[in-house]
$ cat protein.txt   # compact mmCIF, C-alpha atoms
# COMPACT_ATOMS: atom_id res chain seq x y z
CA MET A 10 -80.57 -83.06 -89.42
CA SER A 11 -79.92 -84.31 -92.97
CA PHE A 12 -79.50 -80.82 -94.40
CA ILE A 13 -76.29 -80.27 -92.45
CA LYS A 14 -72.99 -81.88 -93.36
CA LYS A 15 -71.67 -82.87 -89.95
CA PHE A 16 -67.98 -83.53 -89.58
CA ILE A 17 -66.92 -85.91 -86.83
CA GLU A 18 -63.19 -85.73 -86.57
CA GLN A 19 -61.44 -88.99 -85.70
CA GLU A 20 -57.88 -88.36 -86.83
CA THR A 21 -55.21 -86.95 -84.60
CA ILE A 22 -54.26 -83.31 -84.87
CA SER A 23 -50.96 -81.57 -85.16
CA ARG A 24 -50.11 -79.01 -82.53
CA ARG A 25 -47.14 -76.84 -81.68
CA ASN A 26 -45.55 -76.91 -78.24
CA PHE A 27 -44.21 -73.74 -76.72
CA LEU A 28 -41.61 -73.27 -73.96
CA LEU A 29 -43.12 -71.41 -71.04
CA ALA A 30 -39.76 -70.26 -69.76
CA SER A 31 -38.80 -68.53 -72.99
CA ALA A 32 -42.20 -66.88 -73.32
CA TYR A 33 -42.58 -65.65 -69.76
CA GLY A 34 -39.22 -66.00 -68.07
CA VAL A 35 -40.73 -68.37 -65.51
CA GLY A 36 -38.93 -71.29 -63.99
CA GLY A 37 -40.09 -74.90 -63.62
CA VAL A 38 -43.54 -75.90 -62.44
CA ALA A 39 -43.87 -76.05 -58.69
CA ALA A 40 -44.43 -79.64 -57.61
CA SER A 41 -47.33 -78.69 -55.36
CA SER A 42 -49.28 -77.23 -58.30
CA MET A 43 -49.35 -80.63 -59.96
CA LEU A 44 -51.28 -82.06 -56.99
CA GLY A 45 -54.20 -79.66 -57.24
CA GLY A 46 -55.01 -76.47 -55.45
CA VAL A 47 -56.03 -75.32 -52.00
CA ALA A 48 -58.07 -78.00 -50.25
CA ARG A 49 -61.53 -76.61 -49.56
CA ALA A 50 -65.13 -77.72 -49.45
CA ALA A 51 -67.42 -77.04 -52.39
CA ILE A 52 -67.97 -73.34 -53.02
CA SER A 53 -71.62 -72.50 -52.42
CA ASP A 54 -71.77 -69.32 -54.50
CA PRO A 55 -68.65 -68.84 -56.64
CA THR A 56 -68.03 -65.83 -58.83
CA VAL A 57 -68.46 -66.96 -62.43
CA ALA A 58 -66.23 -65.23 -64.98
CA TRP A 59 -65.50 -65.46 -68.69
CA SER A 60 -62.10 -64.24 -69.89
CA TYR A 61 -61.92 -63.55 -73.62
CA ARG A 62 -60.49 -61.27 -76.29
CA ASN A 63 -63.34 -58.82 -76.91
CA ARG A 64 -67.03 -58.77 -77.63
CA THR A 65 -66.92 -56.80 -80.87
CA ASN A 66 -65.87 -59.99 -82.65
CA PRO A 67 -69.09 -61.88 -83.58
CA TYR A 68 -67.60 -65.22 -82.60
CA TRP A 69 -66.68 -64.07 -79.12
CA ASN A 70 -70.00 -62.32 -78.73
CA GLU A 71 -71.65 -65.71 -79.26
CA ILE A 72 -69.28 -67.37 -76.78
CA VAL A 73 -70.16 -64.84 -74.10
CA SER A 74 -73.86 -64.97 -74.96
CA GLY A 75 -73.68 -68.69 -74.22
CA GLY A 76 -72.08 -67.93 -70.86
CA GLU A 77 -74.89 -65.49 -70.09
CA ALA A 78 -77.52 -68.05 -71.11
CA PHE A 79 -75.99 -70.50 -68.66
CA ILE A 80 -76.08 -67.89 -65.89
CA GLU A 81 -79.76 -67.20 -66.60
CA SER A 82 -80.47 -70.94 -66.38
CA LEU A 83 -79.38 -70.67 -62.73
CA GLY A 84 -82.12 -68.12 -62.11
CA LYS A 85 -79.60 -65.28 -61.95
CA PRO A 86 -79.45 -62.15 -64.12
CA LYS A 87 -76.87 -62.31 -66.89
CA GLU A 88 -75.03 -59.45 -65.16
CA PHE A 89 -73.94 -62.04 -62.59
CA LEU A 90 -71.30 -63.10 -65.14
CA THR A 91 -68.00 -61.27 -64.63
CA HIS A 92 -66.26 -60.24 -67.86
CA LEU A 93 -62.46 -60.19 -68.15
CA ILE A 94 -61.63 -58.65 -71.53
CA ASN A 95 -57.97 -58.99 -72.50
CA GLU A 96 -58.06 -57.37 -76.00
CA GLY A 97 -55.58 -59.94 -77.28
CA SER A 98 -53.00 -59.45 -74.51
CA SER A 99 -51.80 -62.57 -72.71
CA GLU A 100 -50.18 -60.43 -70.04
CA LYS A 101 -53.48 -58.65 -69.32
CA SER A 102 -55.29 -61.97 -69.34
CA LEU A 103 -53.03 -63.36 -66.61
CA SER A 104 -53.06 -60.13 -64.61
CA ASP A 105 -56.86 -59.90 -64.68
CA VAL A 106 -57.25 -63.49 -63.51
CA LYS A 107 -54.82 -63.03 -60.62
CA ALA A 108 -56.61 -59.83 -59.56
CA LEU A 109 -59.99 -61.57 -59.56
CA LEU A 110 -58.59 -64.53 -57.61
CA SER A 111 -57.37 -62.10 -54.98
CA LYS A 112 -60.69 -60.25 -54.90
CA THR A 113 -62.74 -63.45 -54.54
CA ASN A 114 -60.31 -65.26 -52.23
CA GLY A 115 -60.18 -68.02 -54.83
CA GLU A 116 -63.93 -68.62 -54.84
CA LEU A 117 -63.98 -68.46 -58.61
CA ALA A 118 -65.37 -70.54 -61.47
CA LEU A 119 -63.46 -69.34 -64.53
CA ALA A 120 -64.09 -70.01 -68.21
CA ILE A 121 -61.24 -68.74 -70.38
CA ASP A 122 -59.50 -68.63 -73.70
CA THR A 123 -55.98 -67.87 -72.51
CA ASN A 124 -55.26 -65.90 -75.73
CA ASP A 125 -52.27 -68.03 -76.68
CA ALA A 126 -51.05 -71.50 -75.78
CA PRO A 127 -48.11 -70.64 -73.46
CA ASN A 128 -50.35 -68.45 -71.29
CA ALA A 129 -52.51 -71.41 -70.26
CA ARG A 130 -50.05 -72.86 -67.74
CA PRO A 131 -49.52 -69.77 -65.55
CA ILE A 132 -53.26 -69.13 -65.53
CA VAL A 133 -54.12 -72.70 -64.57
CA GLU A 134 -51.43 -72.72 -61.89
CA ALA A 135 -52.70 -69.44 -60.41
CA VAL A 136 -56.28 -70.68 -60.26
CA ALA A 137 -55.33 -74.06 -58.81
CA GLN A 138 -53.06 -72.58 -56.16
CA ALA A 139 -55.87 -70.22 -55.08
CA GLY A 140 -58.38 -73.06 -54.86
CA GLY A 141 -60.52 -71.89 -57.76
CA TYR A 142 -61.82 -73.85 -60.73
CA VAL A 143 -61.01 -73.24 -64.38
CA SER A 144 -62.16 -74.60 -67.73
CA THR A 145 -60.19 -73.56 -70.79
CA ILE A 146 -61.12 -73.36 -74.44
CA TRP A 147 -59.07 -73.41 -77.67
CA ASN A 148 -55.51 -72.64 -76.46
CA LYS A 149 -53.10 -74.66 -74.34
CA THR A 150 -49.80 -76.50 -74.85
CA ASP A 151 -49.73 -80.25 -75.43
CA ASP A 152 -47.99 -80.99 -72.13
CA LEU A 153 -50.65 -79.27 -69.99
CA HIS A 154 -53.49 -81.57 -68.87
CA PRO A 155 -56.43 -81.07 -66.47
CA TRP A 156 -55.81 -84.40 -64.70
CA ASP A 157 -52.42 -83.12 -63.51
CA PHE A 158 -54.18 -80.53 -61.33
CA GLY A 159 -56.69 -82.61 -59.37
CA ASP A 160 -60.15 -81.07 -59.56
CA ASN A 161 -59.15 -77.44 -60.05
CA TYR A 162 -58.35 -77.62 -63.75
CA VAL A 163 -61.75 -78.90 -64.74
CA SER A 164 -61.59 -79.29 -68.52
CA HIS A 165 -60.21 -78.16 -71.85
CA MET A 166 -62.23 -78.01 -75.06
CA THR A 167 -60.88 -77.36 -78.51
CA TRP A 168 -61.87 -78.17 -82.05
CA SER A 169 -60.00 -80.41 -84.44
CA ASP A 170 -59.58 -77.72 -87.05
CA GLU A 171 -57.07 -79.36 -89.35
CA GLY A 172 -59.55 -81.77 -90.96
CA PRO A 173 -62.39 -79.25 -91.52
CA ALA A 174 -59.91 -76.64 -92.78
CA GLU A 175 -58.57 -79.18 -95.26
CA GLN A 176 -62.09 -79.89 -96.50
CA THR A 177 -62.90 -76.20 -96.98
CA ALA A 178 -59.55 -75.83 -98.75
CA ARG A 179 -60.50 -78.59 -101.18
CA ILE A 180 -63.76 -76.77 -101.92
CA LEU A 181 -61.69 -73.65 -102.62
CA LEU A 182 -59.08 -75.37 -104.77
CA ASP A 183 -61.75 -77.14 -106.82
CA ALA A 184 -63.48 -73.79 -107.40
CA MET A 185 -60.15 -72.47 -108.70
CA GLY A 186 -60.10 -75.26 -111.24
CA GLY A 187 -57.09 -76.77 -109.51
CA LYS A 188 -54.80 -74.08 -110.92
CA GLY A 189 -53.25 -70.76 -109.97
CA GLY A 190 -52.12 -69.06 -106.79
CA VAL A 191 -53.80 -69.14 -103.38
CA VAL A 192 -53.14 -66.95 -100.36
CA HIS A 193 -53.88 -67.71 -96.70
CA LEU A 194 -54.74 -65.13 -94.04
CA GLY A 195 -54.36 -66.60 -90.56
CA GLY A 196 -55.08 -65.83 -86.95
CA ILE A 197 -52.59 -65.02 -84.19
CA ALA A 198 -49.53 -67.06 -85.10
CA SER A 199 -49.24 -68.83 -81.72
CA ASN A 200 -52.93 -69.80 -81.53
CA ASN A 201 -53.69 -73.51 -81.88
CA PRO A 202 -56.60 -72.96 -84.32
CA ALA A 203 -54.48 -70.66 -86.50
CA ILE A 204 -51.78 -73.32 -86.74
CA GLU A 205 -54.23 -76.11 -87.52
CA ARG A 206 -56.23 -74.19 -90.14
CA LEU A 207 -53.10 -73.32 -92.10
CA GLN A 208 -51.96 -76.93 -91.87
CA GLY A 209 -55.33 -78.04 -93.26
CA LEU A 210 -54.71 -75.92 -96.35
CA LYS A 211 -51.20 -77.33 -96.74
CA ASN A 212 -52.55 -80.88 -96.46
CA ALA A 213 -55.05 -80.24 -99.26
CA LEU A 214 -52.42 -78.63 -101.48
CA LYS A 215 -50.52 -81.93 -101.67
CA ASP A 216 -53.22 -83.17 -104.05
CA TYR A 217 -53.23 -80.02 -106.21
CA PRO A 218 -49.80 -79.79 -107.87
CA ASP A 219 -50.87 -76.93 -110.14
CA VAL A 220 -51.83 -74.66 -107.24
CA GLU A 221 -49.14 -72.56 -105.58
CA LEU A 222 -49.37 -71.17 -102.06
CA LEU A 223 -48.20 -67.65 -102.81
CA ALA A 224 -48.20 -66.39 -99.22
CA ALA A 225 -49.51 -67.13 -95.73
CA GLU A 226 -49.54 -64.30 -93.19
CA PRO A 227 -51.28 -63.73 -89.84
CA ALA A 228 -54.19 -61.30 -89.74
CA ASP A 229 -54.73 -61.74 -85.98
CA TRP A 230 -58.43 -62.70 -86.37
CA ASP A 231 -59.11 -59.05 -87.19
CA THR A 232 -61.11 -57.54 -90.07
CA GLN A 233 -59.04 -54.36 -90.40
CA LYS A 234 -55.74 -56.24 -90.28
CA ALA A 235 -57.06 -58.72 -92.86
CA ASN A 236 -58.03 -55.85 -95.14
CA GLN A 237 -54.49 -54.48 -94.94
CA VAL A 238 -52.87 -57.88 -95.51
CA MET A 239 -55.12 -58.68 -98.47
CA SER A 240 -54.52 -55.26 -100.02
CA ALA A 241 -50.78 -55.90 -99.79
CA PHE A 242 -51.22 -59.34 -101.36
CA LEU A 243 -53.14 -57.79 -104.27
CA THR A 244 -50.41 -55.21 -104.79
CA ARG A 245 -47.69 -57.87 -104.72
CA TYR A 246 -49.33 -60.73 -106.61
CA GLY A 247 -52.17 -59.14 -108.60
CA ASP A 248 -53.82 -61.53 -111.04
CA GLU A 249 -51.75 -64.45 -109.78
CA ILE A 250 -54.21 -64.77 -106.89
CA LYS A 251 -57.06 -67.09 -107.83
CA GLY A 252 -58.41 -67.96 -104.36
CA VAL A 253 -58.27 -66.97 -100.68
CA HIS A 254 -58.22 -69.28 -97.65
CA CYS A 255 -59.29 -67.37 -94.52
CA ALA A 256 -58.72 -68.67 -90.99
CA ASN A 257 -62.01 -67.19 -89.76
CA ASP A 258 -65.06 -65.23 -90.87
CA THR A 259 -63.95 -61.84 -89.58
CA ILE A 260 -60.80 -62.17 -91.68
CA ALA A 261 -62.98 -62.96 -94.71
CA TYR A 262 -64.92 -59.71 -94.22
CA GLY A 263 -61.68 -57.72 -94.51
CA VAL A 264 -60.65 -59.72 -97.56
CA LEU A 265 -63.97 -59.00 -99.28
CA GLU A 266 -63.55 -55.28 -98.60
CA ALA A 267 -60.07 -55.32 -100.13
CA LEU A 268 -61.32 -57.19 -103.20
CA ARG A 269 -64.25 -54.81 -103.70
CA ALA A 270 -61.87 -51.86 -103.57
CA GLU A 271 -60.11 -53.39 -106.58
CA GLY A 272 -63.36 -54.17 -108.39
CA ILE A 273 -63.00 -57.93 -107.85
CA GLU A 274 -66.38 -59.55 -107.19
CA ASP A 275 -65.91 -63.23 -108.06
CA MET A 276 -62.82 -64.38 -106.13
CA PRO A 277 -63.34 -67.85 -104.53
CA ILE A 278 -63.08 -67.55 -100.72
CA VAL A 279 -63.59 -69.95 -97.79
CA SER A 280 -63.67 -69.09 -94.10
CA TYR A 281 -64.38 -70.53 -90.64
CA ASP A 282 -66.67 -69.97 -87.59
CA GLY A 283 -70.19 -69.84 -89.05
CA ASN A 284 -70.99 -66.31 -87.87
CA PRO A 285 -74.41 -64.96 -88.96
CA GLN A 286 -72.97 -62.52 -91.50
CA ALA A 287 -70.75 -65.22 -92.97
CA VAL A 288 -73.66 -67.66 -93.25
CA GLN A 289 -75.59 -65.02 -95.20
CA LEU A 290 -72.58 -64.52 -97.47
CA VAL A 291 -72.43 -68.28 -98.01
CA ALA A 292 -76.13 -68.26 -98.91
CA GLU A 293 -75.35 -65.50 -101.44
CA LYS A 294 -72.38 -67.56 -102.75
CA LYS A 295 -69.93 -64.77 -101.90
CA ILE A 296 -68.17 -67.21 -99.58
CA LEU A 297 -67.98 -70.85 -100.69
CA ALA A 298 -68.10 -72.44 -97.23
CA THR A 299 -67.62 -71.82 -93.53
CA VAL A 300 -67.41 -74.13 -90.52
CA PHE A 301 -69.67 -73.64 -87.50
CA THR A 302 -68.25 -74.59 -84.10
CA ASN A 303 -71.36 -73.66 -82.09
CA PRO A 304 -69.76 -70.91 -79.97
CA HIS A 305 -73.00 -70.30 -78.03
CA TRP A 306 -72.96 -73.85 -76.73
CA GLY A 307 -69.19 -73.78 -76.24
CA GLY A 308 -69.33 -70.60 -74.17
CA GLY A 309 -72.17 -71.84 -72.02
CA ILE A 310 -70.87 -75.34 -71.39
CA THR A 311 -67.34 -74.13 -70.54
CA ALA A 312 -68.77 -71.85 -67.84
CA ALA A 313 -71.13 -74.63 -66.72
CA LEU A 314 -68.30 -77.12 -66.25
CA ALA A 315 -66.26 -74.73 -64.10
CA TYR A 316 -69.32 -73.70 -62.06
CA HIS A 317 -70.65 -77.20 -61.39
CA ALA A 318 -67.20 -78.46 -60.46
CA ALA A 319 -66.86 -75.54 -58.02
CA ILE A 320 -70.21 -76.19 -56.29
CA GLY A 321 -69.59 -79.93 -56.14
CA THR A 322 -72.16 -81.19 -58.66
CA PHE A 323 -69.46 -83.51 -59.97
CA LYS A 324 -65.84 -84.26 -59.14
CA PRO A 325 -63.62 -83.74 -62.18
CA SER A 326 -60.90 -86.10 -60.93
CA GLU A 327 -63.41 -88.96 -60.99
CA GLU A 328 -64.27 -88.36 -64.66
CA PRO A 329 -62.52 -90.16 -67.55
CA ASN A 330 -59.89 -88.24 -69.49
CA ALA A 331 -62.32 -87.98 -72.42
CA HIS A 332 -64.48 -85.74 -70.21
CA ARG A 333 -61.60 -83.47 -69.36
CA GLU A 334 -59.99 -82.89 -72.77
CA PHE A 335 -62.40 -83.08 -75.67
CA TYR A 336 -63.32 -81.79 -79.11
CA GLY A 337 -66.31 -79.55 -79.62
CA PRO A 338 -68.78 -80.04 -82.49
CA ALA A 339 -68.17 -78.82 -86.04
CA VAL A 340 -70.73 -78.36 -88.83
CA PHE A 341 -70.02 -77.39 -92.44
CA VAL A 342 -72.15 -74.66 -94.00
CA THR A 343 -72.34 -74.49 -97.80
CA PRO A 344 -74.71 -72.63 -100.15
CA GLU A 345 -76.91 -75.73 -100.41
CA ASP A 346 -77.76 -75.83 -96.69
CA ALA A 347 -77.10 -72.25 -95.56
CA ALA A 348 -80.79 -71.27 -95.40
CA ALA A 349 -81.77 -74.30 -93.33
CA PHE A 350 -78.74 -73.84 -91.09
CA LYS A 351 -79.65 -70.18 -90.53
CA ALA A 352 -83.20 -71.12 -89.53
CA ASN A 353 -82.04 -73.72 -87.01
CA TYR A 354 -79.00 -72.07 -85.44
CA ILE A 355 -79.19 -68.33 -86.02
CA ASP A 356 -82.81 -67.22 -86.32
CA SER A 357 -83.70 -69.35 -83.29
CA VAL A 358 -80.99 -70.39 -80.83
CA PRO A 359 -81.57 -73.94 -79.58
CA ASN A 360 -82.32 -74.46 -75.89
CA TYR A 361 -79.46 -76.38 -74.32
CA ASP A 362 -79.32 -78.52 -71.21
CA TRP A 363 -76.34 -76.96 -69.46
CA LYS A 364 -75.88 -80.10 -67.35
CA ASP A 365 -75.41 -82.25 -70.43
CA PHE A 366 -71.72 -81.43 -70.30
CA TRP A 367 -70.43 -83.76 -73.02
CA GLY A 368 -73.50 -84.47 -75.19
CA PRO A 369 -72.45 -82.78 -78.49
CA THR A 370 -68.71 -83.36 -78.08
CA ASN A 371 -66.57 -85.29 -80.56
CA GLY A 372 -64.36 -87.40 -78.31
CA GLN A 373 -61.06 -87.05 -76.51
CA ILE A 374 -58.33 -84.80 -77.89
CA ALA A 375 -55.61 -86.81 -79.63
CA TYR A 376 -52.03 -85.66 -80.11
CA LYS A 377 -49.39 -86.60 -82.65
$ encode --input "protein.txt" --output "structure tokens"
Amino acid sequence: MSFIKKFIEQETISRRNFLLASAYGVGGVAASSMLGGVARAAISDPTVAWSYRNRTNPYWNEIVSGGEAFIESLGKPKEFLTHLINEGSSEKSLSDVKALLSKTNGELALAIDTNDAPNARPIVEAVAQAGGYVSTIWNKTDDLHPWDFGDNYVSHMTWSDEGPAEQTARILLDAMGGKGGVVHLGGIASNNPAIERLQGLKNALKDYPDVELLAAEPADWDTQKANQVMSAFLTRYGDEIKGVHCANDTIAYGVLEALRAEGIEDMPIVSYDGNPQAVQLVAEKKILATVFTNPHWGGGITAALAYHAAIGTFKPSEEPNAHREFYGPAVFVTPEDAAAFKANYIDSVPNYDWKDFWGPTNGQIAYK
């Protein structure tokens, strides 16, 4: 589709490692967990669950809608999908997973964003030890790999956010005329995408010596929090602010509200996620650019991988590493192609083959 600027990320990405012991007070990894989980035959009818932050966020609503579309492709009602909503709590995320493992006797196919990177290991270990199957998305530490857990840790998908965030930052900095102060509003500080999107801005700033990064603070992916942070920035820096780099679309909505309250209508802003409202704002040139990561497909395929591994459609341990840790797709949306993008991805959701597990992916995750 020539109207879409597709970004295929080839460079390695920078990630932050976290110590599980300091975060959770847990000792070393049990040796048995590294050899896979409970030996069992394929599960004929596993419980399928999606564990996520909440559904009020448009991005996560699309993720879960993808999971429901996958369930319906099996000839089951979408209510067959079990929802584990953690509301941004890693402790609740882990507790909910353990409770469901107990309830299902381990006959579970789990798709999950573990909320933050350190939480991935205890969740994966719990699922593997119970004989369930888990596919993760977005957050894990660098030293945690699916192939260390036999078949039970099926896959991990993330997006190489540093490169796209750098490109959106360059759009922003050019719109500022290469001068003045910029502020960054990020996600949860320990989230991989939050770290990478801020780093993308910092990478771009190296080529703009007359732009100063005035402040970078987390807004926890939340519109209300972003509104508060941006209001504080405006109070502190006032007219020094010439542009805003937002880690996601919902943050941008809060920023726009804060700017309107001060009568500011023409501040250059970029964001991330490609939510429907953000795409419309891009079309109206109120946001300069966003990046679409196809959450509908990501949510469906993550559930599909866990489910098909559980029922024995494929054996994860026989797949190459590039099929177990991989990048999802990313598409830039700018004012020039926003209308065409909206017609193809928002007004009509594409029909996906949920057995084409790796079709739109962008290769194996690389680490620095």
$ closest_atom_pairs --input "protein.txt" --of "stretch 222-320 of chain A" --to "stretch 54-78 of chain A" --cutoff "6 Å" --atoms "all atoms listed in the file" --output "CSV"
residue,atom,partner,partner_atom,distance
A:Pro304,CA,A:Ile72,CA,4.8
A:His305,CA,A:Gly75,CA,4.2
A:Trp306,CA,A:Gly75,CA,5.8
A:Gly308,CA,A:Ile72,CA,4.2
A:Gly309,CA,A:Gly76,CA,4.1
A:Ala312,CA,A:Gly76,CA,6.0
$ residues_near_point --input "protein.txt" --point "(-61.7, -73.9, -67.0)" --cutoff "8 Å" --atoms "only C-alpha atoms" --output "short mmCIF file (atom, residue, chain, number, x, y, z; two decimals) with C-alpha atoms, in the frame of the given file"
data_model
loop_
_atom_site.label_atom_id
_atom_site.label_comp_id
_atom_site.auth_asym_id
_atom_site.auth_seq_id
_atom_site.Cartn_x
_atom_site.Cartn_y
_atom_site.Cartn_z
CA ALA A 118 -65.37 -70.54 -61.47
CA LEU A 119 -63.46 -69.34 -64.53
CA ALA A 120 -64.09 -70.01 -68.21
CA ILE A 121 -61.24 -68.74 -70.38
CA TYR A 142 -61.82 -73.85 -60.73
CA VAL A 143 -61.01 -73.24 -64.38
CA SER A 144 -62.16 -74.60 -67.73
CA THR A 145 -60.19 -73.56 -70.79
CA ILE A 146 -61.12 -73.36 -74.44
CA TYR A 162 -58.35 -77.62 -63.75
CA VAL A 163 -61.75 -78.90 -64.74
CA SER A 164 -61.59 -79.29 -68.52
CA HIS A 165 -60.21 -78.16 -71.85
CA THR A 311 -67.34 -74.13 -70.54
CA ALA A 312 -68.77 -71.85 -67.84
CA LEU A 314 -68.30 -77.12 -66.25
CA ALA A 315 -66.26 -74.73 -64.10
#
$ axis_aligned_box --input "protein.txt" --around "stretch 122-139 of chain A" --padding-each-side "5 Å" --output "AutoDock Vina command-line options"
--center_x -53.8 --center_y -70.0 --center_z -65.9 --size_x 21.4 --size_y 18.2 --size_z 31.6
$ closest_residue --input "protein.txt" --among "A:Gly97, A:Gly283, A:Gly172, A:Gly186" --to "A:Thr343" --atoms "only C-alpha atoms"
A:Gly283
$ closest_residue --input "protein.txt" --among "A:Ala184, A:Ile132, A:Ala267, A:Ala318" --to "A:Ser53" --atoms "all atoms listed in the file"
A:Ala318
$ closest_residue --input "protein.txt" --among "A:His154, A:Thr322, A:Asp365, A:Ser199" --to "A:Pro127" --atoms "all atoms listed in the file"
A:Ser199
$ atom_distance --input "protein.txt" --atom1 "atom CA of A:Asn236" --atom2 "atom CA of A:Asn257"
13.2 Å
$ atom_distance --input "protein.txt" --atom1 "atom CA of A:Ala235" --atom2 "atom CA of A:Asn124"
18.7 Å
$ closest_residue --input "protein.txt" --among "A:Lys295, A:Lys251, A:Ala375, A:Ala348" --to "A:Leu265" --atoms "all atoms listed in the file"
A:Lys295
$ residues_around --input "protein.txt" --residues "stretch 211-216 of chain A" --least-positions-apart "5" --cutoff "12 Å" --atoms "all atoms listed in the file" --output "PDB file with C-alpha atoms, keeping the file's coordinate frame"
ATOM      1  CA  ILE A  22     -54.260 -83.310 -84.870  1.00  0.00           C
ATOM      2  CA  SER A  23     -50.960 -81.570 -85.160  1.00  0.00           C
ATOM      3  CA  GLU A 171     -57.070 -79.360 -89.350  1.00  0.00           C
ATOM      4  CA  GLY A 172     -59.550 -81.770 -90.960  1.00  0.00           C
ATOM      5  CA  PRO A 173     -62.390 -79.250 -91.520  1.00  0.00           C
ATOM      6  CA  ALA A 174     -59.910 -76.640 -92.780  1.00  0.00           C
ATOM      7  CA  GLU A 175     -58.570 -79.180 -95.260  1.00  0.00           C
ATOM      8  CA  GLN A 176     -62.090 -79.890 -96.500  1.00  0.00           C
ATOM      9  CA  THR A 177     -62.900 -76.200 -96.980  1.00  0.00           C
ATOM     10  CA  ALA A 178     -59.550 -75.830 -98.750  1.00  0.00           C
ATOM     11  CA  ARG A 179     -60.500 -78.590-101.180  1.00  0.00           C
ATOM     12  CA  ILE A 180     -63.760 -76.770-101.920  1.00  0.00           C
ATOM     13  CA  LEU A 181     -61.690 -73.650-102.620  1.00  0.00           C
ATOM     14  CA  LEU A 182     -59.080 -75.370-104.770  1.00  0.00           C
ATOM     15  CA  ASP A 183     -61.750 -77.140-106.820  1.00  0.00           C
ATOM     16  CA  GLY A 187     -57.090 -76.770-109.510  1.00  0.00           C
ATOM     17  CA  LYS A 188     -54.800 -74.080-110.920  1.00  0.00           C
ATOM     18  CA  GLY A 189     -53.250 -70.760-109.970  1.00  0.00           C
ATOM     19  CA  GLY A 190     -52.120 -69.060-106.790  1.00  0.00           C
ATOM     20  CA  VAL A 191     -53.800 -69.140-103.380  1.00  0.00           C
ATOM     21  CA  VAL A 192     -53.140 -66.950-100.360  1.00  0.00           C
ATOM     22  CA  HIS A 193     -53.880 -67.710 -96.700  1.00  0.00           C
ATOM     23  CA  ILE A 204     -51.780 -73.320 -86.740  1.00  0.00           C
ATOM     24  CA  GLU A 205     -54.230 -76.110 -87.520  1.00  0.00           C
ATOM     25  CA  ARG A 206     -56.230 -74.190 -90.140  1.00  0.00           C
ATOM     26  CA  GLU A 221     -49.140 -72.560-105.580  1.00  0.00           C
ATOM     27  CA  LEU A 222     -49.370 -71.170-102.060  1.00  0.00           C
ATOM     28  CA  LEU A 223     -48.200 -67.650-102.810  1.00  0.00           C
ATOM     29  CA  ALA A 224     -48.200 -66.390 -99.220  1.00  0.00           C
ATOM     30  CA  ALA A 225     -49.510 -67.130 -95.730  1.00  0.00           C
ATOM     31  CA  HIS A 254     -58.220 -69.280 -97.650  1.00  0.00           C
TER      32      HIS A 254
END
$ closest_residue --input "protein.txt" --among "A:Leu194, A:Ile52, A:Val288, A:Leu243" --to "A:Ile260" --atoms "only C-alpha atoms"
A:Leu194
$ atom_distance --input "protein.txt" --atom1 "atom CA of A:Asp152" --atom2 "atom CA of A:Ser99"
18.8 Å
$ residues_around --input "protein.txt" --residues "A:Asn161" --least-positions-apart "3" --cutoff "10 Å" --atoms "only C-alpha atoms" --output "JSON, numbers by chain"
{"A": [44, 45, 46, 47, 48, 118, 133, 134, 136, 137, 138, 139, 140, 141, 142, 143, 144, 155, 156, 157, 158, 164, 315, 318, 319, 324, 325, 326]}
$ residues_around --input "protein.txt" --residues "A:Asp275" --least-positions-apart "6" --cutoff "12 Å" --atoms "all atoms listed in the file" --output "PyMOL selection string"
chain A and resi 184-185+250-253+265+268-269+293-297
